[in-house]
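File shown: target_2.pdb (PDB, N, CA and C atoms).
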ATOM      1  N   MET A  10      12.350 101.316  27.314
ATOM      2  CA  MET A  10      12.075 100.000  27.857
ATOM      3  C   MET A  10      12.813  99.766  29.173
ATOM      4  N   THR A  11      14.012 100.327  29.281
ATOM      5  CA  THR A  11      14.807 100.139  30.496
ATOM      6  C   THR A  11      14.068 100.663  31.719
ATOM      7  N   TYR A  12      13.484 101.857  31.594
ATOM      8  CA  TYR A  12      12.772 102.430  32.739
ATOM      9  C   TYR A  12      11.566 101.569  33.134
ATOM     10  N   LEU A  13      10.862 101.017  32.152
ATOM     11  CA  LEU A  13       9.723 100.147  32.456
ATOM     12  C   LEU A  13      10.179  98.888  33.198
ATOM     13  N   LEU A  14      11.295  98.317  32.766
ATOM     14  CA  LEU A  14      11.828  97.154  33.471
ATOM     15  C   LEU A  14      12.207  97.516  34.906
ATOM     16  N   TYR A  15      12.831  98.682  35.068
ATOM     17  CA  TYR A  15      13.216  99.110  36.414
ATOM     18  C   TYR A  15      11.992  99.333  37.299
ATOM     19  N   VAL A  16      10.965  99.944  36.769
ATOM     20  CA  VAL A  16       9.752 100.189  37.563
ATOM     21  C   VAL A  16       9.104  98.861  37.935
ATOM     22  N   ALA A  17       8.985  97.954  36.973
ATOM     23  CA  ALA A  17       8.383  96.644  37.259
ATOM     24  C   ALA A  17       9.228  95.880  38.283
ATOM     25  N   ALA A  18      10.550  95.928  38.134
ATOM     26  CA  ALA A  18      11.440  95.252  39.090
ATOM     27  C   ALA A  18      11.293  95.858  40.480
ATOM     28  N   ALA A  19      11.197  97.177  40.538
ATOM     29  CA  ALA A  19      11.061  97.840  41.842
ATOM     30  C   ALA A  19       9.767  97.430  42.530
ATOM     31  N   LEU A  20       8.677  97.409  41.788
ATOM     32  CA  LEU A  20       7.405  97.004  42.389
ATOM     33  C   LEU A  20       7.452  95.556  42.869
ATOM     34  N   ALA A  21       8.084  94.689  42.085
ATOM     35  CA  ALA A  21       8.211  93.290  42.497
ATOM     36  C   ALA A  21       9.079  93.166  43.744
ATOM     37  N   GLU A  22      10.182  93.890  43.779
ATOM     38  CA  GLU A  22      11.059  93.808  44.953
ATOM     39  C   GLU A  22      10.373  94.362  46.202
ATOM     40  N   ILE A  23       9.738  95.502  46.057
ATOM     41  CA  ILE A  23       9.070  96.118  47.210
ATOM     42  C   ILE A  23       7.949  95.217  47.719
ATOM     43  N   ALA A  24       7.167  94.657  46.812
ATOM     44  CA  ALA A  24       6.084  93.766  47.228
ATOM     45  C   ALA A  24       6.642  92.533  47.938
ATOM     46  N   GLY A  25       7.718  91.974  47.408
ATOM     47  CA  GLY A  25       8.329  90.812  48.037
ATOM     48  C   GLY A  25       8.871  91.120  49.417
ATOM     49  N   CYS A  26       9.560  92.237  49.531
ATOM     50  CA  CYS A  26      10.095  92.633  50.838
ATOM     51  C   CYS A  26       8.973  92.998  51.803
ATOM     52  N   PHE A  27       7.921  93.624  51.282
ATOM     53  CA  PHE A  27       6.809  93.989  52.160
ATOM     54  C   PHE A  27       6.109  92.742  52.707
ATOM     55  N   SER A  28       6.066  91.669  51.940
ATOM     56  CA  SER A  28       5.429  90.453  52.447
ATOM     57  C   SER A  28       6.175  89.945  53.680
ATOM     58  N   PHE A  29       7.495  90.029  53.643
ATOM     59  CA  PHE A  29       8.283  89.632  54.815
ATOM     60  C   PHE A  29       8.040  90.599  55.971
ATOM     61  N   TRP A  30       8.018  91.890  55.661
ATOM     62  CA  TRP A  30       7.735  92.932  56.671
ATOM     63  C   TRP A  30       6.373  92.679  57.323
ATOM     64  N   ALA A  31       5.368  92.389  56.480
ATOM     65  CA  ALA A  31       4.013  92.166  57.000
ATOM     66  C   ALA A  31       3.980  90.956  57.933
ATOM     67  N   TRP A  32       4.670  89.882  57.530
ATOM     68  CA  TRP A  32       4.708  88.693  58.379
ATOM     69  C   TRP A  32       5.442  88.977  59.687
ATOM     70  N   TRP A  33       6.602  89.601  59.581
ATOM     71  CA  TRP A  33       7.460  89.813  60.748
ATOM     72  C   TRP A  33       6.976  90.939  61.652
ATOM     73  N   ARG A  34       6.622  92.079  61.073
ATOM     74  CA  ARG A  34       6.342  93.280  61.852
ATOM     75  C   ARG A  34       4.861  93.553  62.061
ATOM     76  N   LEU A  35       4.017  93.028  61.168
ATOM     77  CA  LEU A  35       2.583  93.292  61.270
ATOM     78  C   LEU A  35       1.788  92.053  61.687
ATOM     79  N   ASP A  36       2.506  91.010  62.077
ATOM     80  CA  ASP A  36       1.889  89.765  62.551
ATOM     81  C   ASP A  36       0.918  89.140  61.551
ATOM     82  N   LYS A  37       1.248  89.224  60.286
ATOM     83  CA  LYS A  37       0.436  88.562  59.261
ATOM     84  C   LYS A  37       0.807  87.080  59.204
ATOM     85  N   SER A  38      -0.001  86.314  58.549
ATOM     86  CA  SER A  38       0.210  84.882  58.407
ATOM     87  C   SER A  38       1.522  84.591  57.667
ATOM     88  N   PRO A  39       2.179  83.492  58.011
ATOM     89  CA  PRO A  39       3.370  83.085  57.249
ATOM     90  C   PRO A  39       3.055  82.812  55.778
ATOM     91  N   LEU A  40       1.791  82.639  55.458
ATOM     92  CA  LEU A  40       1.405  82.438  54.058
ATOM     93  C   LEU A  40       1.745  83.656  53.198
ATOM     94  N   TRP A  41       1.920  84.807  53.828
ATOM     95  CA  TRP A  41       2.327  86.008  53.096
ATOM     96  C   TRP A  41       3.702  85.824  52.457
ATOM     97  N   LEU A  42       4.503  84.917  52.988
ATOM     98  CA  LEU A  42       5.860  84.731  52.488
ATOM     99  C   LEU A  42       5.900  84.068  51.114
ATOM    100  N   ALA A  43       4.947  83.209  50.819
ATOM    101  CA  ALA A  43       4.955  82.496  49.536
ATOM    102  C   ALA A  43       4.861  83.448  48.344
ATOM    103  N   PRO A  44       3.855  84.314  48.276
ATOM    104  CA  PRO A  44       3.839  85.246  47.141
ATOM    105  C   PRO A  44       5.012  86.232  47.190
ATOM    106  N   GLY A  45       5.495  86.505  48.389
ATOM    107  CA  GLY A  45       6.656  87.383  48.508
ATOM    108  C   GLY A  45       7.893  86.788  47.857
ATOM    109  N   LEU A  46       8.101  85.500  48.061
ATOM    110  CA  LEU A  46       9.251  84.835  47.432
ATOM    111  C   LEU A  46       9.110  84.809  45.915
ATOM    112  N   VAL A  47       7.905  84.556  45.430
ATOM    113  CA  VAL A  47       7.656  84.587  43.984
ATOM    114  C   VAL A  47       7.937  85.994  43.446
ATOM    115  N   SER A  48       7.512  86.985  44.172
ATOM    116  CA  SER A  48       7.732  88.366  43.759
ATOM    117  C   SER A  48       9.217  88.705  43.713
ATOM    118  N   LEU A  49       9.990  88.208  44.660
ATOM    119  CA  LEU A  49      11.434  88.476  44.660
ATOM    120  C   LEU A  49      12.140  87.765  43.505
ATOM    121  N   VAL A  50      11.679  86.577  43.140
ATOM    122  CA  VAL A  50      12.225  85.898  41.962
ATOM    123  C   VAL A  50      11.884  86.702  40.708
ATOM    124  N   LEU A  51      10.665  87.195  40.617
ATOM    125  CA  LEU A  51      10.261  88.039  39.489
ATOM    126  C   LEU A  51      11.129  89.288  39.415
ATOM    127  N   PHE A  52      11.398  89.893  40.560
ATOM    128  CA  PHE A  52      12.273  91.065  40.606
ATOM    129  C   PHE A  52      13.634  90.754  39.986
ATOM    130  N   ALA A  53      14.261  89.665  40.411
ATOM    131  CA  ALA A  53      15.591  89.319  39.904
ATOM    132  C   ALA A  53      15.556  89.064  38.402
ATOM    133  N   TRP A  54      14.522  88.392  37.936
ATOM    134  CA  TRP A  54      14.395  88.111  36.509
ATOM    135  C   TRP A  54      14.230  89.399  35.710
ATOM    136  N   LEU A  55      13.362  90.295  36.184
ATOM    137  CA  LEU A  55      13.143  91.565  35.475
ATOM    138  C   LEU A  55      14.418  92.398  35.420
ATOM    139  N   LEU A  56      15.145  92.448  36.516
ATOM    140  CA  LEU A  56      16.381  93.242  36.529
ATOM    141  C   LEU A  56      17.421  92.639  35.586
ATOM    142  N   ALA A  57      17.416  91.311  35.444
ATOM    143  CA  ALA A  57      18.352  90.665  34.530
ATOM    144  C   ALA A  57      18.015  90.929  33.060
ATOM    145  N   LEU A  58      16.795  91.377  32.781
ATOM    146  CA  LEU A  58      16.405  91.684  31.402
ATOM    147  C   LEU A  58      16.927  93.031  30.911
ATOM    148  N   VAL A  59      17.419  93.864  31.815
ATOM    149  CA  VAL A  59      17.919  95.186  31.417
ATOM    150  C   VAL A  59      19.100  95.003  30.466
ATOM    151  N   ASP A  60      19.036  95.715  29.350
ATOM    152  CA  ASP A  60      20.067  95.606  28.321
ATOM    153  C   ASP A  60      21.285  96.450  28.697
ATOM    154  N   THR A  61      22.254  95.813  29.310
ATOM    155  CA  THR A  61      23.503  96.469  29.664
ATOM    156  C   THR A  61      24.597  95.417  29.700
ATOM    157  N   SER A  62      25.824  95.856  29.533
ATOM    158  CA  SER A  62      26.934  94.904  29.518
ATOM    159  C   SER A  62      27.481  94.635  30.918
ATOM    160  N   ALA A  63      27.034  95.399  31.912
ATOM    161  CA  ALA A  63      27.569  95.246  33.266
ATOM    162  C   ALA A  63      26.434  95.223  34.285
ATOM    163  N   ALA A  64      26.379  94.173  35.059
ATOM    164  CA  ALA A  64      25.325  94.048  36.065
ATOM    165  C   ALA A  64      25.379  95.189  37.073
ATOM    166  N   GLY A  65      26.570  95.561  37.489
ATOM    167  CA  GLY A  65      26.711  96.634  38.479
ATOM    168  C   GLY A  65      26.112  97.943  38.013
ATOM    169  N   ARG A  66      26.250  98.241  36.729
ATOM    170  CA  ARG A  66      25.661  99.469  36.186
ATOM    171  C   ARG A  66      24.139  99.381  36.199
ATOM    172  N   ALA A  67      23.612  98.218  35.872
ATOM    173  CA  ALA A  67      22.156  98.026  35.915
ATOM    174  C   ALA A  67      21.651  98.210  37.339
ATOM    175  N   TYR A  68      22.369  97.661  38.317
ATOM    176  CA  TYR A  68      21.949  97.772  39.715
ATOM    177  C   TYR A  68      22.047  99.206  40.208
ATOM    178  N   ALA A  69      23.094  99.901  39.814
ATOM    179  CA  ALA A  69      23.281 101.289  40.257
ATOM    180  C   ALA A  69      22.153 102.179  39.741
ATOM    181  N   ALA A  70      21.840 102.057  38.471
ATOM    182  CA  ALA A  70      20.766 102.872  37.898
ATOM    183  C   ALA A  70      19.422 102.478  38.503
ATOM    184  N   TYR A  71      19.229 101.189  38.739
ATOM    185  CA  TYR A  71      17.994 100.702  39.340
ATOM    186  C   TYR A  71      17.756 101.334  40.711
ATOM    187  N   GLY A  72      18.813 101.587  41.441
ATOM    188  CA  GLY A  72      18.685 102.132  42.790
ATOM    189  C   GLY A  72      17.874 103.417  42.837
ATOM    190  N   GLY A  73      18.084 104.290  41.878
ATOM    191  CA  GLY A  73      17.334 105.546  41.846
ATOM    192  C   GLY A  73      15.854 105.323  41.610
ATOM    193  N   ILE A  74      15.532 104.398  40.722
ATOM    194  CA  ILE A  74      14.137 104.085  40.429
ATOM    195  C   ILE A  74      13.495 103.420  41.652
ATOM    196  N   TYR A  75      14.247 102.553  42.313
ATOM    197  CA  TYR A  75      13.752 101.869  43.509
ATOM    198  C   TYR A  75      13.374 102.868  44.605
ATOM    199  N   ILE A  76      14.192 103.876  44.788
ATOM    200  CA  ILE A  76      13.916 104.883  45.820
ATOM    201  C   ILE A  76      12.603 105.597  45.527
ATOM    202  N   ALA A  77      12.416 106.021  44.290
ATOM    203  CA  ALA A  77      11.174 106.709  43.928
ATOM    204  C   ALA A  77       9.971 105.774  44.076
ATOM    205  N   ALA A  78      10.117 104.529  43.623
ATOM    206  CA  ALA A  78       9.015 103.575  43.729
ATOM    207  C   ALA A  78       8.675 103.278  45.194
ATOM    208  N   SER A  79       9.684 103.266  46.052
ATOM    209  CA  SER A  79       9.441 103.027  47.478
ATOM    210  C   SER A  79       8.589 104.130  48.084
ATOM    211  N   LEU A  80       8.806 105.353  47.644
ATOM    212  CA  LEU A  80       8.001 106.461  48.156
ATOM    213  C   LEU A  80       6.570 106.396  47.637
ATOM    214  N   VAL A  81       6.387 105.924  46.414
ATOM    215  CA  VAL A  81       5.030 105.713  45.890
ATOM    216  C   VAL A  81       4.351 104.610  46.698
ATOM    217  N   TRP A  82       5.078 103.550  47.007
ATOM    218  CA  TRP A  82       4.539 102.464  47.845
ATOM    219  C   TRP A  82       4.143 103.000  49.216
ATOM    220  N   LEU A  83       5.017 103.801  49.794
ATOM    221  CA  LEU A  83       4.750 104.406  51.106
ATOM    222  C   LEU A  83       3.394 105.101  51.100
ATOM    223  N   TRP A  84       3.149 105.844  50.031
ATOM    224  CA  TRP A  84       1.937 106.650  49.923
ATOM    225  C   TRP A  84       0.715 105.789  49.610
ATOM    226  N   LEU A  85       0.802 104.957  48.558
ATOM    227  CA  LEU A  85      -0.372 104.231  48.087
ATOM    228  C   LEU A  85      -0.675 102.967  48.887
ATOM    229  N   ALA A  86       0.349 102.213  49.249
ATOM    230  CA  ALA A  86       0.115 100.939  49.933
ATOM    231  C   ALA A  86       0.052 101.086  51.448
ATOM    232  N   GLU A  87       0.858 102.013  51.986
ATOM    233  CA  GLU A  87       0.901 102.151  53.437
ATOM    234  C   GLU A  87       0.106 103.347  53.953
ATOM    235  N   GLY A  88      -0.355 104.193  53.053
ATOM    236  CA  GLY A  88      -1.174 105.328  53.446
ATOM    237  C   GLY A  88      -0.428 106.424  54.183
ATOM    238  N   VAL A  89       0.896 106.467  54.016
ATOM    239  CA  VAL A  89       1.706 107.509  54.652
ATOM    240  C   VAL A  89       2.099 108.505  53.563
ATOM    241  N   HIS A  90       1.697 109.737  53.747
ATOM    242  CA  HIS A  90       1.985 110.761  52.748
ATOM    243  C   HIS A  90       3.450 111.192  52.857
ATOM    244  N   PRO A  91       4.198 111.122  51.744
ATOM    245  CA  PRO A  91       5.583 111.587  51.786
ATOM    246  C   PRO A  91       5.656 113.066  52.170
ATOM    247  N   ASP A  92       6.702 113.427  52.903
ATOM    248  CA  ASP A  92       6.859 114.844  53.240
ATOM    249  C   ASP A  92       7.552 115.561  52.090
ATOM    250  N   SER A  93       7.773 116.849  52.228
ATOM    251  CA  SER A  93       8.310 117.648  51.120
ATOM    252  C   SER A  93       9.734 117.263  50.747
ATOM    253  N   TRP A  94      10.464 116.652  51.638
ATOM    254  CA  TRP A  94      11.842 116.250  51.333
ATOM    255  C   TRP A  94      11.904 114.966  50.511
ATOM    256  N   ASP A  95      10.908 114.123  50.642
ATOM    257  CA  ASP A  95      10.922 112.839  49.940
ATOM    258  C   ASP A  95      10.947 112.998  48.414
ATOM    259  N   PRO A  96      10.042 113.783  47.825
ATOM    260  CA  PRO A  96      10.102 113.945  46.367
ATOM    261  C   PRO A  96      11.402 114.618  45.901
ATOM    262  N   ALA A  97      11.920 115.522  46.698
ATOM    263  CA  ALA A  97      13.183 116.172  46.323
ATOM    264  C   ALA A  97      14.300 115.141  46.261
ATOM    265  N   GLY A  98      14.379 114.299  47.266
ATOM    266  CA  GLY A  98      15.406 113.261  47.272
ATOM    267  C   GLY A  98      15.219 112.273  46.135
ATOM    268  N   ALA A  99      13.967 111.878  45.881
ATOM    269  CA  ALA A  99      13.688 110.939  44.793
ATOM    270  C   ALA A  99      14.053 111.546  43.439
ATOM    271  N   THR A 100      13.787 112.825  43.258
ATOM    272  CA  THR A 100      14.142 113.490  41.996
ATOM    273  C   THR A 100      15.648 113.464  41.771
ATOM    274  N   ILE A 101      16.409 113.745  42.811
ATOM    275  CA  ILE A 101      17.871 113.682  42.704
ATOM    276  C   ILE A 101      18.306 112.273  42.298
ATOM    277  N   CYS A 102      17.682 111.263  42.896
ATOM    278  CA  CYS A 102      18.031 109.876  42.576
ATOM    279  C   CYS A 102      17.662 109.513  41.146
ATOM    280  N   ILE A 103      16.506 109.971  40.680
ATOM    281  CA  ILE A 103      16.086 109.694  39.298
ATOM    282  C   ILE A 103      17.045 110.360  38.314
ATOM    283  N   ILE A 104      17.468 111.570  38.628
ATOM    284  CA  ILE A 104      18.444 112.244  37.767
ATOM    285  C   ILE A 104      19.737 111.443  37.719
ATOM    286  N   GLY A 105      20.200 110.976  38.879
ATOM    287  CA  GLY A 105      21.413 110.160  38.911
ATOM    288  C   GLY A 105      21.258 108.866  38.121
ATOM    289  N   ALA A 106      20.126 108.203  38.276
ATOM    290  CA  ALA A 106      19.871 106.969  37.527
ATOM    291  C   ALA A 106      19.849 107.246  36.024
ATOM    292  N   SER A 107      19.256 108.381  35.642
ATOM    293  CA  SER A 107      19.179 108.736  34.225
ATOM    294  C   SER A 107      20.551 109.003  33.638
ATOM    295  N   VAL A 108      21.429 109.617  34.401
ATOM    296  CA  VAL A 108      22.790 109.836  33.928
ATOM    297  C   VAL A 108      23.441 108.490  33.634
ATOM    298  N   ILE A 109      23.256 107.523  34.522
ATOM    299  CA  ILE A 109      23.851 106.204  34.318
ATOM    300  C   ILE A 109      23.236 105.497  33.110
ATOM    301  N   VAL A 110      21.915 105.552  32.976
ATOM    302  CA  VAL A 110      21.230 104.857  31.893
ATOM    303  C   VAL A 110      21.487 105.507  30.542
ATOM    304  N   LEU A 111      21.453 106.832  30.495
ATOM    305  CA  LEU A 111      21.484 107.539  29.202
ATOM    306  C   LEU A 111      22.867 107.994  28.753
ATOM    307  N   ALA A 112      23.863 107.835  29.594
ATOM    308  CA  ALA A 112      25.215 108.298  29.209
ATOM    309  C   ALA A 112      25.713 107.535  27.992
ATOM    310  N   PRO A 113      26.343 108.272  27.065
ATOM    311  CA  PRO A 113      26.904 107.571  25.897
ATOM    312  C   PRO A 113      28.064 106.680  26.357
ATOM    313  N   ARG A 114      28.077 105.477  25.881
ATOM    314  CA  ARG A 114      29.119 104.516  26.249
ATOM    315  C   ARG A 114      29.951 104.176  25.019
ATOM    316  N   ALA A 115      31.223 103.995  25.234
ATOM    317  CA  ALA A 115      32.099 103.561  24.138
ATOM    318  C   ALA A 115      31.775 102.112  23.819
ATOM    319  N   ALA A 116      31.786 101.790  22.538
ATOM    320  CA  ALA A 116      31.429 100.425  22.103
ATOM    321  C   ALA A 116      32.518  99.427  22.378
TER     322      ALA A 116
END
Show me, as structure tokens, the structure contained in the file I just sent.
Amino acid sequence: MTYLLYVAAALAEIAGCFSFWAWWRLDKSPLWLAPGLVSLVLFAWLLALVDTSAAGRAYAAYGGIYIAASLVWLWLAEGVHPDSWDPAGATICIIGASVIVLAPRAA
């Protein structure tokens, strides 16, 4: 469930940030900001649902998932094909996130 929350949070965060990018850098209507703000609130709520005793640990593990999701966004939403280094870097990040999420913790 943790990974699903992280993926959903990443998509919400990326979509929210992209709405600002589209308005600022792609000259889209300021109306793009409204759903972007809703998406960023959804992101924060989803990340807060992660079952962990420390917010910092949730954020650290989320970072790896966010990196991989950003590369998927790059490819599917922006039409830019990741180069051969992108998946390698994302894999390293996912492994790091998994160590944080799956490590046995003392009760």
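When all atoms listed in the file are used to measure the gap to Ala19 in chain A, the shortest distance among A:Trp54, A:Trp94, A:Tyr75, A:Trp84 belongs to A:Tyr75.
Restricting the calculation to only N, CA and C atoms, the smallest distance between Ser107 in chain A and any of A:Ala31, A:Ala70, A:Ile76, A:Val47 is found for A:Ala70.
For Cys102 in chain A, the residues within 7 Å (counting all atoms listed in the file, excluding itself and residues fewer than 3 positions away along the chain) are Gly72, Gly73, Ile74, Ala97, Gly98, Ala99, Gly105, Ala106 and Ser107 of chain A.
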Q: Convert the output of the PyMOL selection byres ((chain A and resi 56) around 8) on the shown file into explicit residues, formatted as a ChimeraX atom specification.
A: /A:14-15,17-19,50-55,57-60,67-68
Q: Give the alpha helix (DSSP H) residues of chain A, as DSSP finds them on the backbone, and put them as an MDAnalysis selection string.
A: chainID A and resid 11:34 42:57 64:85 94:111
